[in-house]
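Enquirer: The structure that follows is given in the form of C-alpha cells.
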Amino acid sequence: MTVSVDLDNRPSLSFYLSVGLVAGSIIALQIGIMRVFSVGSWAHFGSLVVSLAMFGFGLTSAVMCVGKGWFERHWEGAVKGALLAFGPLMVVCNLAAQQVPFNAIFLISDPMQKWRLLANFVLYFMPFLAGALYLGVVFLKAQKTFNRVYFADLVGSGLCGLSVLLAMYLFKPDDLIMAPLILWLAGGILWFVAMSDRRGIAVIVGVAVLSAVVHYAAPPLLHIPKLAVSDYKGVSYARKFPDAVRTYERASPFGYLEVYSSSYLHFAPGQSDNAAFNVPKMPSNAYLGLYIDSEGPSGIIKDLPADETPYFRYLPMFYPYLLKKDPNTFVVQFGGGISTAVALKSGSKHVTVAEGNPALLTAFREDKGLRDFTNDVLNNPKVTVIDYDGRLYVAGTKNRYDIIDLSLADSAGLSSPGGFSIVEKYSYTREAMSAYMRALSPGGILSVTMWNKEEPPKSVLKLYATMVAAARDVDGGKDVAQKFYVVSSYLSTATVLYKRDGFTPQEVAELNAHTKAMSFDEIYYPGFKVDTSTLPQILSDYRDQFFFAGEQADPTAPSEKEPNDKPPPGMTGGAPGTTEVKADAAPPAPIVPATVLGRLAWHYLINGGWQKEIADNYVFDTRILTNHQPYFAAYIKVGDLLKFTDRLELVQDEWGYLLLWATLGIATVFALTLVLLPVIFGWRTIFSRYPGKAGTMLYFLCLGLGYIIVEVGMISHFILALSNATVSASVLITGMLVFSGCGSFFSERYLDRARTFMPKIFLAIFAILTLYAFTIDYALDWIGTLPYALRIALCMLLLFPPAFLMGFPMPTAMTVLGRLGKDHMFLWAWGINGCFSVIGAALVPIVATSFGLPAVVLVGAFAYLVALPAFFSVLMPLEKGRPIGTNLGAA
C-alpha cells in the first residue's frame, strides 16, 4: 500500500538516500559505458553516446514542462514506472548495443556505420531517459526544498562515482554494468521504503534478480558477447593466433590488463631489417604481448642469453649505448620493459625506471609467469623502481644520469588510425623534455624514440619542434646545432638524441657508421646540409594531396622523371634536387618526401625560420607540446575544417578530432531544440506572465556550461598528478559533486540574502578559477611525486574551494523559482542546465587543443561571471511586489 508523501515538508531520510543512490547509478552507468567503449571500441564514442544520452534530462524537462499538470497528478505512478524500468533497461540495452556491429574505423567510408552508431545512441538513451524521468518528477514535487534534494543528488552521485572506481577491481569491464544495477536496486528499495510500499520492494527485487540473470545467462545461451571487442583493437589479433594463451589478466581503474603468449607475437619496434642477416642467433618466442584496454601490444621481452643479446644492437633505442659505456641510466616509462632490458643488456651499471601505472608494477612484481619470463626484472639488484611518472621524478631529483631513455613506452597510439587521439601526453611536453635535459650528467644523452608511421608526417614534426624548444630553454637560447642527432626509418620509428655538451666529430662519425649499418635514414647531425630548394614543392604536393581540385597528387609516388634517368639531349643536369650519376654507378636511394621534409624541418628548427617557412605553410598543425597543450592531436588546422568536409575519406585517421566538432554541432542543435520546445508550445499560455525569461535562460545556460567545462577541464589538469585518465575522472567527478552538494546544502541558509550574497559567490568563483588556470599545474606537479593515496587526498583538497562555491548558484536559483511559483520555469531551467552541460563537455577538448587547458578553466570562470547579472532576472516575481531576498541586508 502506498502512502501519500509531501516531499516539500521534511521527507524521510530514506527518500534522500534513494535520490542519492539513483542519481549515483546514473553516474555509474555513464562511467560503465565509457569503460565498455574504451575496451571494446574507442573512448571517443563512449563520450559521444554518453553526451547524447544525457539529453534524456533535456527531453524529460521539455516534456514535463509542457505536460506539467499531468505529471503533478500522476507523479507517484511516473516515479514508480521510471524506477522499475531503469534497471532492466540498462542491462538489456547494454547487451543489445554489443550486438550492433559498429566499427569506428569505417565511420566515414561505410554509410551503414552511421546508422549503427545511431542505434548505439538510441539504445543507451533509453535507460538515461528513465533515470532522468525519476529525478525530474522528484525535483518537481520538491521545489521548495530543492537545496536539500539537490544536495542528496550531488553527494550521492559523487560518492557512487567513487564506488564505481572501487568496483573496477571487482568486475571486469564486461560485467561492470552490475555496479550501477546494484546502486539502482538499493535506491529503489529505499524509495519504496519511503513510500511505505512493501509490494514495490518485492517487485523491484524481483526485477533486479531477473536483470542480473539476463546479463549473465543470456550471452552463453544465445552465443552472444557481453562485450564485443572491435576486430581492429590490438588484442583481437592476438586472440586469433592459433596458439594464443592468455597468461595474465587483471581489471582495475588503471586499465584492463591482459598478457598473451604466442609464437606469432613479434614486437621489435623499429628494428633494422639487417638484423635478420647479421645476428648469429635470432631469439625465438622472445615476446609476450601486453594489452591495456585491448590496445597494444606493448612488448614484454624475455631475459635473453648472452649469445642472443646482439639482437639489441638493431633496435633504435640502442643508439646512446654506442657512446656511453657502463652508464647510469634512467628509463622514463617502464611500459612492457623493453627499454629496461636494452639498458641492462647494454652494460648499464645501474638502471632507474619509472612507471606511473600501479597495475603494471603489480603485474611484473607479483605474477610468477611474468617474473620468470623477464628474470624478475624489477627486482634486479641493478634496478631501482620509481612508482610515479618519470617526468615528475627527474624534475625534482638531484640525481644525474648518463642516459635518459623515453622509447616507445606508450606512443604506439600516436599514429594509430582511429585511436584515442585526444589524450594528454605529458611525458612528451616542452616542460618534460626540459626536465630530462637538465637531469643529464655532463656529456649525458637523452634518447627519445617514437613511432613514425604517419604519411604525411605529423607526430614526429611536433616532437622535433618540442625538443628543440626545450633545448633552447635549457641552454638559455644558445645555439643548439651541435647537440642533436636524429635518425628515422620510413613508416617505422624516429629517434632523437640530445647530448648535454654537444656531439664531437668522432661521435658523429661513429653514429653515422651505425646508421649506415642499420640502413636507417640520417635526418640531422651537426654539420648536416640539406637542399632547401625542394621545400616549396614538397609542401605544395602534400597540400595538393588533400585539396587539389583535379586528380590528387601523391607525394609518395615516383616522379615522371626518375632520379637516375639520364637527362635529355642538350641538358647537363637532372631534375632539381637530384644527383647526376655515371652509367656504371649504383642508383641513389629514392627520394622520400617525408624523409626530406624531416631534414628540412631540422634545418629550419636549428637555423631559424621554422614557423614562417614550414609550420605556417604545412597542411597539418605542428605546434609544440606543452603542459597546457599536451596533445599529439588536432592536426587539422581549424581554418581548414570546412575544406575537408567533402573529402573526409582522405583523413580517416583524424576522425577522433573531427568527431569532437561533430559532437559539438549535434549537441548544439539538440540542445537548442529541446530548450526552445517548451517555449514554442507555451509562449502565450505558460511563459507570457513570467518576467525575466531571457535572463533566466542565460543564467542557467551559463551554469550548465560553466560547471561542466570546469569539471572536464580539471580532469585533464589532474592527470598531471594522478597519471591516469580514469582515476582522474573518478576523483574529479566525486570531488566536484560531493563538495558542490555540500555547497548546495549550505546555500539554503543564505536564501533570504540571495540578492546581496550571490554576487559575492560569483566573484569568488571567478577569482579562484582564474587563479587555478595559471597556477594549479605547479601544485599538481608536486602532488604527483607523493604516495598515491595522499595524491588523491590533496587533489580533493584542491577541489574543495571552487567546487563548494559552485554548489550555491544552481539550487539557490531553482529554489527561488519554486517559491515564486514559476513552476514551468523551474522545469525549463533544469532542462537548459542539462542541455548546455552537454555542449560544454563537447566544447572542452576543442578549446583545450586550440588554446590550451588554462583557456578551458578561464571559459568556465567567465561563464560564472556572466551569470552574475543574469541572476537578478531569476529573482523577478510573477507580479509587482517586493522581490525575494530583499530583507536582511538587501537595503
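All residue names refer to the C-alpha cells as shown: chains lettered A, B, ... in order, residues numbered from 1 in each chain, ligands numbered from 1 in order.
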Got a sec: who's within 9 Å of Thr495 (chain A), counting only C-alpha atoms, leaving out chain neighbours fewer than 6 positions off, as JSON, numbers by chain?

Expert: {"A": [316, 317, 319, 407, 447, 448, 449, 450, 451, 485, 486, 487, 488, 489]}

Enquirer: Could you tell me, as a compact mmCIF listing (two decimals) with N, CA and C atoms, in the first residue's frame, which residues of region 115-288 of chain A DSSP assigns to helix (DSSP H, G or I) when given the backbone?

Expert:
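File result.txt, as written:
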# COMPACT_ATOMS: atom_id res chain seq x y z
N TRP A 115 24.42 4.55 -39.15
CA TRP A 115 23.16 4.04 -38.61
C TRP A 115 23.41 3.14 -37.41
N ARG A 116 24.51 2.44 -37.44
CA ARG A 116 24.84 1.60 -36.28
C ARG A 116 25.22 2.45 -35.07
N LEU A 117 25.89 3.57 -35.33
CA LEU A 117 26.19 4.49 -34.24
C LEU A 117 24.89 5.07 -33.68
N LEU A 118 23.95 5.40 -34.59
CA LEU A 118 22.64 5.89 -34.15
C LEU A 118 21.94 4.84 -33.29
N ALA A 119 22.06 3.58 -33.69
CA ALA A 119 21.45 2.51 -32.90
C ALA A 119 22.05 2.46 -31.50
N ASN A 120 23.37 2.63 -31.40
CA ASN A 120 24.01 2.69 -30.08
C ASN A 120 23.45 3.84 -29.26
N PHE A 121 23.30 4.99 -29.91
CA PHE A 121 22.76 6.15 -29.21
C PHE A 121 21.36 5.88 -28.68
N VAL A 122 20.49 5.34 -29.53
CA VAL A 122 19.10 5.11 -29.12
C VAL A 122 19.06 4.10 -27.98
N LEU A 123 19.86 3.05 -28.08
CA LEU A 123 19.84 2.03 -27.04
C LEU A 123 20.30 2.58 -25.70
N TYR A 124 21.39 3.34 -25.71
CA TYR A 124 21.89 3.88 -24.45
C TYR A 124 21.07 5.08 -23.97
N PHE A 125 20.31 5.67 -24.87
CA PHE A 125 19.45 6.79 -24.48
C PHE A 125 18.32 6.33 -23.56
N MET A 126 17.83 5.12 -23.78
CA MET A 126 16.63 4.66 -23.08
C MET A 126 16.80 4.56 -21.56
N PRO A 127 17.86 3.95 -21.03
CA PRO A 127 17.98 3.92 -19.56
C PRO A 127 18.20 5.32 -18.98
N PHE A 128 18.95 6.17 -19.68
CA PHE A 128 19.13 7.53 -19.18
C PHE A 128 17.80 8.28 -19.12
N LEU A 129 16.95 8.03 -20.09
CA LEU A 129 15.64 8.68 -20.11
C LEU A 129 14.82 8.27 -18.89
N ALA A 130 14.88 6.99 -18.54
CA ALA A 130 14.14 6.52 -17.36
C ALA A 130 14.70 7.14 -16.09
N GLY A 131 16.03 7.17 -15.97
CA GLY A 131 16.64 7.78 -14.79
C GLY A 131 16.34 9.26 -14.69
N ALA A 132 16.36 9.96 -15.83
CA ALA A 132 16.07 11.39 -15.84
C ALA A 132 14.61 11.65 -15.45
N LEU A 133 13.71 10.78 -15.87
CA LEU A 133 12.30 10.97 -15.53
C LEU A 133 12.09 10.84 -14.02
N TYR A 134 12.76 9.88 -13.41
CA TYR A 134 12.67 9.72 -11.96
C TYR A 134 13.10 11.01 -11.26
N LEU A 135 14.29 11.51 -11.61
CA LEU A 135 14.80 12.71 -10.94
C LEU A 135 13.94 13.93 -11.26
N GLY A 136 13.48 14.03 -12.50
CA GLY A 136 12.67 15.19 -12.89
C GLY A 136 11.39 15.29 -12.09
N VAL A 137 10.70 14.17 -11.90
CA VAL A 137 9.44 14.20 -11.14
C VAL A 137 9.72 14.49 -9.67
N VAL A 138 10.81 13.92 -9.15
CA VAL A 138 11.17 14.19 -7.75
C VAL A 138 11.47 15.68 -7.56
N PHE A 139 12.24 16.27 -8.48
CA PHE A 139 12.54 17.70 -8.39
C PHE A 139 11.25 18.53 -8.47
N LEU A 140 10.32 18.12 -9.33
CA LEU A 140 9.07 18.85 -9.49
C LEU A 140 8.27 18.86 -8.18
N LYS A 141 8.27 17.74 -7.49
CA LYS A 141 7.48 17.64 -6.27
C LYS A 141 8.21 18.18 -5.04
N GLN A 143 10.12 21.24 -5.01
CA GLN A 143 10.67 22.53 -5.45
C GLN A 143 11.12 23.39 -4.28
N LYS A 144 10.32 23.44 -3.25
CA LYS A 144 10.60 24.38 -2.17
C LYS A 144 11.75 23.93 -1.27
N THR A 145 12.10 22.65 -1.37
CA THR A 145 13.27 22.15 -0.61
C THR A 145 14.34 21.64 -1.59
N PHE A 146 14.42 22.31 -2.72
CA PHE A 146 15.32 21.85 -3.78
C PHE A 146 16.76 21.78 -3.29
N ASN A 147 17.16 22.69 -2.41
CA ASN A 147 18.55 22.69 -1.92
C ASN A 147 18.92 21.34 -1.33
N ARG A 148 18.02 20.80 -0.50
CA ARG A 148 18.33 19.54 0.18
C ARG A 148 18.30 18.36 -0.80
N VAL A 149 17.31 18.37 -1.69
CA VAL A 149 17.21 17.29 -2.66
C VAL A 149 18.41 17.32 -3.60
N TYR A 150 18.81 18.52 -4.00
CA TYR A 150 19.96 18.66 -4.89
C TYR A 150 21.24 18.24 -4.16
N PHE A 151 21.30 18.50 -2.86
CA PHE A 151 22.42 18.03 -2.05
C PHE A 151 22.50 16.51 -2.11
N ALA A 152 21.37 15.85 -1.91
CA ALA A 152 21.35 14.40 -1.98
C ALA A 152 21.74 13.89 -3.36
N ASP A 153 21.25 14.58 -4.38
CA ASP A 153 21.56 14.22 -5.77
C ASP A 153 23.07 14.30 -6.03
N LEU A 154 23.68 15.43 -5.68
CA LEU A 154 25.09 15.63 -5.98
C LEU A 154 26.01 14.75 -5.13
N VAL A 155 25.76 14.71 -3.83
CA VAL A 155 26.62 13.92 -2.96
C VAL A 155 26.49 12.43 -3.29
N GLY A 156 25.27 12.00 -3.51
CA GLY A 156 25.07 10.60 -3.89
C GLY A 156 25.76 10.26 -5.19
N SER A 157 25.64 11.15 -6.18
CA SER A 157 26.30 10.93 -7.46
C SER A 157 27.81 10.85 -7.29
N GLY A 158 28.37 11.77 -6.49
CA GLY A 158 29.81 11.79 -6.31
C GLY A 158 30.33 10.56 -5.61
N LEU A 159 29.70 10.18 -4.50
CA LEU A 159 30.18 9.02 -3.75
C LEU A 159 29.98 7.73 -4.54
N CYS A 160 28.90 7.64 -5.27
CA CYS A 160 28.67 6.45 -6.09
C CYS A 160 29.67 6.39 -7.25
N GLY A 161 30.04 7.56 -7.77
CA GLY A 161 31.08 7.57 -8.80
C GLY A 161 32.38 7.01 -8.27
N LEU A 162 32.72 7.34 -7.02
CA LEU A 162 33.92 6.80 -6.40
C LEU A 162 33.77 5.30 -6.16
N SER A 163 32.57 4.86 -5.85
CA SER A 163 32.36 3.43 -5.62
C SER A 163 32.57 2.63 -6.91
N VAL A 164 32.26 3.24 -8.06
CA VAL A 164 32.49 2.56 -9.33
C VAL A 164 33.98 2.37 -9.55
N LEU A 165 34.78 3.33 -9.10
CA LEU A 165 36.23 3.19 -9.20
C LEU A 165 36.67 1.94 -8.44
N LEU A 166 36.12 1.73 -7.26
CA LEU A 166 36.45 0.54 -6.48
C LEU A 166 35.88 -0.72 -7.14
N ALA A 167 34.70 -0.58 -7.76
CA ALA A 167 34.09 -1.73 -8.42
C ALA A 167 34.92 -2.23 -9.59
N MET A 168 35.75 -1.37 -10.15
CA MET A 168 36.61 -1.79 -11.28
C MET A 168 37.64 -2.82 -10.86
N TYR A 169 37.89 -2.94 -9.56
CA TYR A 169 38.76 -4.00 -9.08
C TYR A 169 38.01 -5.33 -9.01
N LEU A 170 36.70 -5.27 -8.80
CA LEU A 170 35.90 -6.48 -8.61
C LEU A 170 35.32 -7.03 -9.90
N PRO A 173 35.49 -5.40 -17.24
CA PRO A 173 34.68 -4.42 -17.98
C PRO A 173 33.37 -4.98 -18.51
N ASP A 174 33.34 -6.25 -18.89
CA ASP A 174 32.10 -6.80 -19.45
C ASP A 174 31.04 -7.03 -18.39
N ASP A 175 31.43 -6.98 -17.11
CA ASP A 175 30.45 -7.14 -16.03
C ASP A 175 30.28 -5.87 -15.20
N MET A 178 27.06 -4.27 -13.56
CA MET A 178 26.50 -4.68 -12.28
C MET A 178 26.62 -3.59 -11.23
N ALA A 179 27.62 -2.74 -11.33
CA ALA A 179 27.79 -1.67 -10.34
C ALA A 179 26.61 -0.71 -10.34
N PRO A 180 26.23 -0.11 -11.50
CA PRO A 180 25.04 0.75 -11.47
C PRO A 180 23.76 -0.02 -11.17
N LEU A 181 23.70 -1.31 -11.52
CA LEU A 181 22.50 -2.09 -11.23
C LEU A 181 22.31 -2.25 -9.73
N ILE A 182 23.39 -2.51 -9.01
CA ILE A 182 23.31 -2.66 -7.55
C ILE A 182 22.92 -1.33 -6.90
N LEU A 183 23.50 -0.24 -7.37
CA LEU A 183 23.15 1.07 -6.81
C LEU A 183 21.68 1.39 -7.07
N TRP A 184 21.21 1.08 -8.28
CA TRP A 184 19.79 1.31 -8.61
C TRP A 184 18.89 0.50 -7.69
N LEU A 185 19.24 -0.77 -7.46
CA LEU A 185 18.42 -1.62 -6.60
C LEU A 185 18.34 -1.04 -5.19
N ALA A 186 19.47 -0.62 -4.64
CA ALA A 186 19.47 -0.04 -3.30
C ALA A 186 18.64 1.22 -3.25
N GLY A 187 18.78 2.08 -4.25
CA GLY A 187 18.00 3.31 -4.29
C GLY A 187 16.51 3.04 -4.46
N GLY A 188 16.18 2.04 -5.29
CA GLY A 188 14.77 1.70 -5.49
C GLY A 188 14.12 1.16 -4.24
N ILE A 189 14.83 0.28 -3.52
CA ILE A 189 14.28 -0.26 -2.26
C ILE A 189 14.01 0.88 -1.28
N LEU A 190 14.96 1.79 -1.16
CA LEU A 190 14.79 2.91 -0.22
C LEU A 190 13.64 3.81 -0.63
N TRP A 191 13.40 3.95 -1.94
CA TRP A 191 12.25 4.76 -2.39
C TRP A 191 10.95 4.13 -1.91
N PHE A 192 10.83 2.82 -2.11
CA PHE A 192 9.58 2.16 -1.72
C PHE A 192 9.46 2.09 -0.19
N VAL A 193 10.59 2.08 0.51
CA VAL A 193 10.54 2.19 1.98
C VAL A 193 9.98 3.55 2.37
N ALA A 194 10.46 4.60 1.71
CA ALA A 194 9.97 5.95 2.00
C ALA A 194 8.49 6.08 1.69
N ARG A 198 5.36 -1.95 0.41
CA ARG A 198 6.04 -3.24 0.52
C ARG A 198 5.97 -4.04 -0.78
N ARG A 199 4.88 -3.90 -1.48
CA ARG A 199 4.75 -4.61 -2.76
C ARG A 199 5.80 -4.11 -3.75
N GLY A 200 6.02 -2.80 -3.72
CA GLY A 200 7.03 -2.23 -4.61
C GLY A 200 8.41 -2.78 -4.32
N ILE A 201 8.73 -2.99 -3.04
CA ILE A 201 10.02 -3.55 -2.67
C ILE A 201 10.19 -4.94 -3.28
N ALA A 202 9.15 -5.78 -3.13
CA ALA A 202 9.23 -7.13 -3.69
C ALA A 202 9.39 -7.10 -5.21
N VAL A 203 8.66 -6.20 -5.85
CA VAL A 203 8.71 -6.13 -7.32
C VAL A 203 10.10 -5.72 -7.79
N ILE A 204 10.69 -4.69 -7.18
CA ILE A 204 11.98 -4.21 -7.66
C ILE A 204 13.09 -5.21 -7.39
N VAL A 205 13.01 -5.95 -6.29
CA VAL A 205 13.99 -7.01 -6.04
C VAL A 205 13.88 -8.08 -7.11
N GLY A 206 12.64 -8.48 -7.44
CA GLY A 206 12.44 -9.48 -8.48
C GLY A 206 12.96 -9.01 -9.84
N VAL A 207 12.70 -7.74 -10.16
CA VAL A 207 13.17 -7.19 -11.43
C VAL A 207 14.70 -7.16 -11.47
N ALA A 208 15.31 -6.81 -10.35
CA ALA A 208 16.78 -6.76 -10.29
C ALA A 208 17.39 -8.15 -10.48
N VAL A 209 16.81 -9.15 -9.82
CA VAL A 209 17.33 -10.52 -9.96
C VAL A 209 17.19 -10.98 -11.40
N LEU A 210 16.04 -10.71 -12.00
CA LEU A 210 15.82 -11.09 -13.39
C LEU A 210 16.81 -10.39 -14.33
N SER A 211 17.09 -9.12 -14.06
CA SER A 211 18.04 -8.36 -14.89
C SER A 211 19.44 -8.97 -14.80
N ALA A 212 19.86 -9.32 -13.58
CA ALA A 212 21.18 -9.93 -13.41
C ALA A 212 21.26 -11.27 -14.11
N VAL A 213 20.18 -12.06 -14.02
CA VAL A 213 20.15 -13.36 -14.70
C VAL A 213 20.29 -13.17 -16.22
N VAL A 214 19.59 -12.18 -16.74
CA VAL A 214 19.68 -11.91 -18.19
C VAL A 214 21.11 -11.56 -18.56
N HIS A 215 21.77 -10.73 -17.76
CA HIS A 215 23.14 -10.31 -18.09
C HIS A 215 24.10 -11.49 -18.11
N TYR A 216 23.98 -12.38 -17.12
CA TYR A 216 24.94 -13.47 -17.01
C TYR A 216 24.55 -14.71 -17.82
N ALA A 217 23.25 -14.96 -17.97
CA ALA A 217 22.82 -16.21 -18.62
C ALA A 217 22.56 -16.07 -20.11
N ALA A 218 22.05 -14.90 -20.54
CA ALA A 218 21.68 -14.75 -21.96
C ALA A 218 22.86 -14.90 -22.91
N PRO A 219 24.02 -14.28 -22.65
CA PRO A 219 25.12 -14.40 -23.61
C PRO A 219 25.55 -15.84 -23.90
N PRO A 220 25.80 -16.70 -22.88
CA PRO A 220 26.18 -18.08 -23.23
C PRO A 220 25.05 -18.87 -23.89
N LEU A 221 23.80 -18.61 -23.47
CA LEU A 221 22.68 -19.34 -24.06
C LEU A 221 22.45 -18.94 -25.52
N LEU A 222 22.59 -17.65 -25.80
CA LEU A 222 22.33 -17.14 -27.15
C LEU A 222 23.60 -17.03 -27.99
N GLY A 234 44.01 -4.09 -30.87
CA GLY A 234 45.18 -4.96 -30.91
C GLY A 234 44.95 -6.34 -30.34
N VAL A 235 44.19 -6.44 -29.26
CA VAL A 235 44.02 -7.73 -28.61
C VAL A 235 43.24 -8.71 -29.49
N SER A 236 42.43 -8.19 -30.41
CA SER A 236 41.66 -9.07 -31.29
C SER A 236 42.58 -9.90 -32.17
N TYR A 237 43.68 -9.30 -32.61
CA TYR A 237 44.64 -10.04 -33.41
C TYR A 237 45.27 -11.16 -32.59
N ALA A 238 45.65 -10.84 -31.36
CA ALA A 238 46.31 -11.83 -30.51
C ALA A 238 45.38 -13.00 -30.23
N ARG A 239 44.12 -12.73 -29.99
CA ARG A 239 43.17 -13.79 -29.66
C ARG A 239 42.95 -14.76 -30.81
N ALA A 275 68.97 -6.97 -39.27
CA ALA A 275 69.18 -7.90 -38.16
C ALA A 275 69.07 -9.35 -38.63
N ALA A 276 68.14 -9.61 -39.53
CA ALA A 276 67.93 -10.98 -39.99
C ALA A 276 69.15 -11.56 -40.68
N PHE A 277 70.01 -10.70 -41.24
CA PHE A 277 71.17 -11.17 -41.99
C PHE A 277 72.45 -11.15 -41.17
N ASN A 278 72.44 -10.47 -40.03
CA ASN A 278 73.68 -10.26 -39.31
C ASN A 278 73.71 -10.80 -37.88

Enquirer: Excluding same-chain residues fewer than 4 positions from region 850-859 of chain A, what lies within 8 Å of it counting only C-alpha atoms, as a short mmCIF file (atom, residue, chain, number, x, y, z; two decimals) with all heavy atoms, in the first residue's frame?

Expert:
data_model
loop_
_atom_site.label_atom_id
_atom_site.label_comp_id
_atom_site.auth_asym_id
_atom_site.auth_seq_id
_atom_site.Cartn_x
_atom_site.Cartn_y
_atom_site.Cartn_z
N HIS A 628 50.22 22.84 -21.11
CA HIS A 628 48.91 23.44 -21.36
C HIS A 628 48.24 22.86 -22.61
O HIS A 628 47.03 22.90 -22.72
CB HIS A 628 49.05 24.96 -21.51
CG HIS A 628 49.41 25.64 -20.24
ND1 HIS A 628 49.92 26.92 -20.19
CD2 HIS A 628 49.36 25.21 -18.95
CE1 HIS A 628 50.15 27.26 -18.92
NE2 HIS A 628 49.82 26.24 -18.16
N GLN A 629 49.04 22.35 -23.55
CA GLN A 629 48.51 21.71 -24.75
C GLN A 629 49.30 20.43 -25.02
O GLN A 629 50.10 20.36 -25.94
CB GLN A 629 48.61 22.66 -25.95
CG GLN A 629 47.63 23.83 -25.88
CD GLN A 629 47.78 24.77 -27.07
OE1 GLN A 629 48.73 25.54 -27.13
NE2 GLN A 629 46.85 24.71 -28.00
N ALA A 634 44.72 16.98 -33.04
CA ALA A 634 44.25 18.23 -33.63
C ALA A 634 45.20 18.68 -34.74
O ALA A 634 45.59 19.84 -34.80
CB ALA A 634 44.10 19.31 -32.56
N GLY A 706 29.39 26.46 -17.54
CA GLY A 706 30.49 26.72 -16.63
C GLY A 706 30.86 25.52 -15.79
O GLY A 706 32.05 25.18 -15.66
N ILE A 709 32.38 22.59 -17.93
CA ILE A 709 33.66 22.98 -18.52
C ILE A 709 34.76 22.92 -17.47
O ILE A 709 35.86 22.41 -17.72
CB ILE A 709 33.56 24.38 -19.14
CG1 ILE A 709 32.82 24.31 -20.48
CG2 ILE A 709 34.93 25.00 -19.34
CD1 ILE A 709 32.54 25.66 -21.10
N VAL A 710 34.48 23.42 -16.27
CA VAL A 710 35.47 23.36 -15.20
C VAL A 710 35.75 21.90 -14.82
O VAL A 710 36.91 21.50 -14.66
CB VAL A 710 35.00 24.16 -13.98
CG1 VAL A 710 35.93 23.95 -12.79
CG2 VAL A 710 34.93 25.65 -14.33
N GLY A 713 37.58 20.10 -17.76
CA GLY A 713 38.90 20.70 -17.91
C GLY A 713 39.83 20.31 -16.78
O GLY A 713 41.03 20.04 -17.00
N MET A 714 39.32 20.28 -15.57
CA MET A 714 40.15 19.90 -14.43
C MET A 714 40.57 18.44 -14.48
O MET A 714 41.64 18.06 -13.97
CB MET A 714 39.40 20.18 -13.12
CG MET A 714 39.33 21.65 -12.75
SD MET A 714 40.96 22.30 -12.32
CE MET A 714 40.52 23.96 -11.80
N SER A 716 41.58 16.86 -17.09
CA SER A 716 42.82 16.86 -17.87
C SER A 716 43.97 17.44 -17.07
O SER A 716 45.10 16.94 -17.16
CB SER A 716 42.62 17.66 -19.16
OG SER A 716 41.63 17.07 -19.98
N HIS A 717 43.72 18.48 -16.30
CA HIS A 717 44.76 19.06 -15.45
C HIS A 717 45.26 18.03 -14.44
O HIS A 717 46.47 17.88 -14.22
CB HIS A 717 44.22 20.27 -14.70
CG HIS A 717 44.42 21.57 -15.42
ND1 HIS A 717 45.66 22.13 -15.61
CD2 HIS A 717 43.53 22.42 -15.99
CE1 HIS A 717 45.53 23.28 -16.26
NE2 HIS A 717 44.25 23.47 -16.51
N LEU A 769 38.91 30.38 -9.92
CA LEU A 769 39.15 29.67 -11.18
C LEU A 769 40.22 30.36 -12.01
O LEU A 769 41.04 29.70 -12.65
CB LEU A 769 37.84 29.56 -11.98
CG LEU A 769 36.76 28.66 -11.38
CD1 LEU A 769 35.52 28.64 -12.26
CD2 LEU A 769 37.29 27.23 -11.20
N THR A 770 40.23 31.68 -12.01
CA THR A 770 41.28 32.41 -12.74
C THR A 770 42.65 32.11 -12.15
O THR A 770 43.63 31.90 -12.87
CB THR A 770 40.99 33.92 -12.70
OG1 THR A 770 39.70 34.18 -13.26
CG2 THR A 770 42.05 34.69 -13.49
N TYR A 772 43.47 29.37 -10.46
CA TYR A 772 43.78 27.97 -10.76
C TYR A 772 44.24 27.80 -12.20
O TYR A 772 45.10 26.95 -12.49
CB TYR A 772 42.54 27.10 -10.51
CG TYR A 772 42.37 26.65 -9.07
CD1 TYR A 772 42.88 27.39 -8.02
CD2 TYR A 772 41.70 25.48 -8.77
CE1 TYR A 772 42.72 26.98 -6.70
CE2 TYR A 772 41.52 25.06 -7.46
CZ TYR A 772 42.04 25.82 -6.42
OH TYR A 772 41.87 25.41 -5.13
N ALA A 773 43.67 28.55 -13.11
CA ALA A 773 44.01 28.40 -14.52
C ALA A 773 45.50 28.54 -14.77
O ALA A 773 46.07 27.83 -15.61
CB ALA A 773 43.23 29.41 -15.36
N PHE A 774 46.15 29.41 -14.01
CA PHE A 774 47.55 29.72 -14.28
C PHE A 774 48.52 29.13 -13.25
O PHE A 774 49.74 29.12 -13.49
CB PHE A 774 47.75 31.23 -14.35
CG PHE A 774 47.01 31.88 -15.48
CD1 PHE A 774 45.85 32.61 -15.25
CD2 PHE A 774 47.45 31.73 -16.78
CE1 PHE A 774 45.16 33.20 -16.29
CE2 PHE A 774 46.77 32.32 -17.84
CZ PHE A 774 45.62 33.06 -17.60
N VAL A 844 34.97 21.43 -24.43
CA VAL A 844 36.23 21.40 -23.69
C VAL A 844 37.42 20.93 -24.53
O VAL A 844 38.44 21.63 -24.61
CB VAL A 844 36.10 20.55 -22.41
CG1 VAL A 844 37.47 20.25 -21.81
CG2 VAL A 844 35.25 21.28 -21.39
N ILE A 846 37.89 20.87 -27.68
CA ILE A 846 38.17 21.79 -28.78
C ILE A 846 38.92 23.01 -28.28
O ILE A 846 39.92 23.45 -28.87
CB ILE A 846 36.85 22.19 -29.47
CG1 ILE A 846 36.27 20.98 -30.21
CG2 ILE A 846 37.07 23.35 -30.43
CD1 ILE A 846 34.92 21.23 -30.83
N ALA A 863 31.99 32.17 -17.60
CA ALA A 863 30.59 31.77 -17.62
C ALA A 863 29.91 32.14 -16.30
O ALA A 863 28.77 32.63 -16.28
CB ALA A 863 30.48 30.26 -17.88
#

Enquirer: What's around region 508-525 of chain A at 7 Å? Count only C-alpha atoms, leave out sequence neighbours fewer than 2 positions away in its own chain, and write the answer as a count of residues only.

Expert: 18

Enquirer: Between A:Gly347, A:Gly743, A:Pro456, A:Ala842, which has the minimum distance to Phe804 (chain A) (counting only C-alpha atoms)?

Expert: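 With only C-alpha atoms as the atom set, the closest residue is A:Gly743.
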
Enquirer: Would you work out the distance separating CA of Ile708 (chain A) from CA of Val816 (chain A), expressed in Å to one decimal?

Expert: 22.6 Å
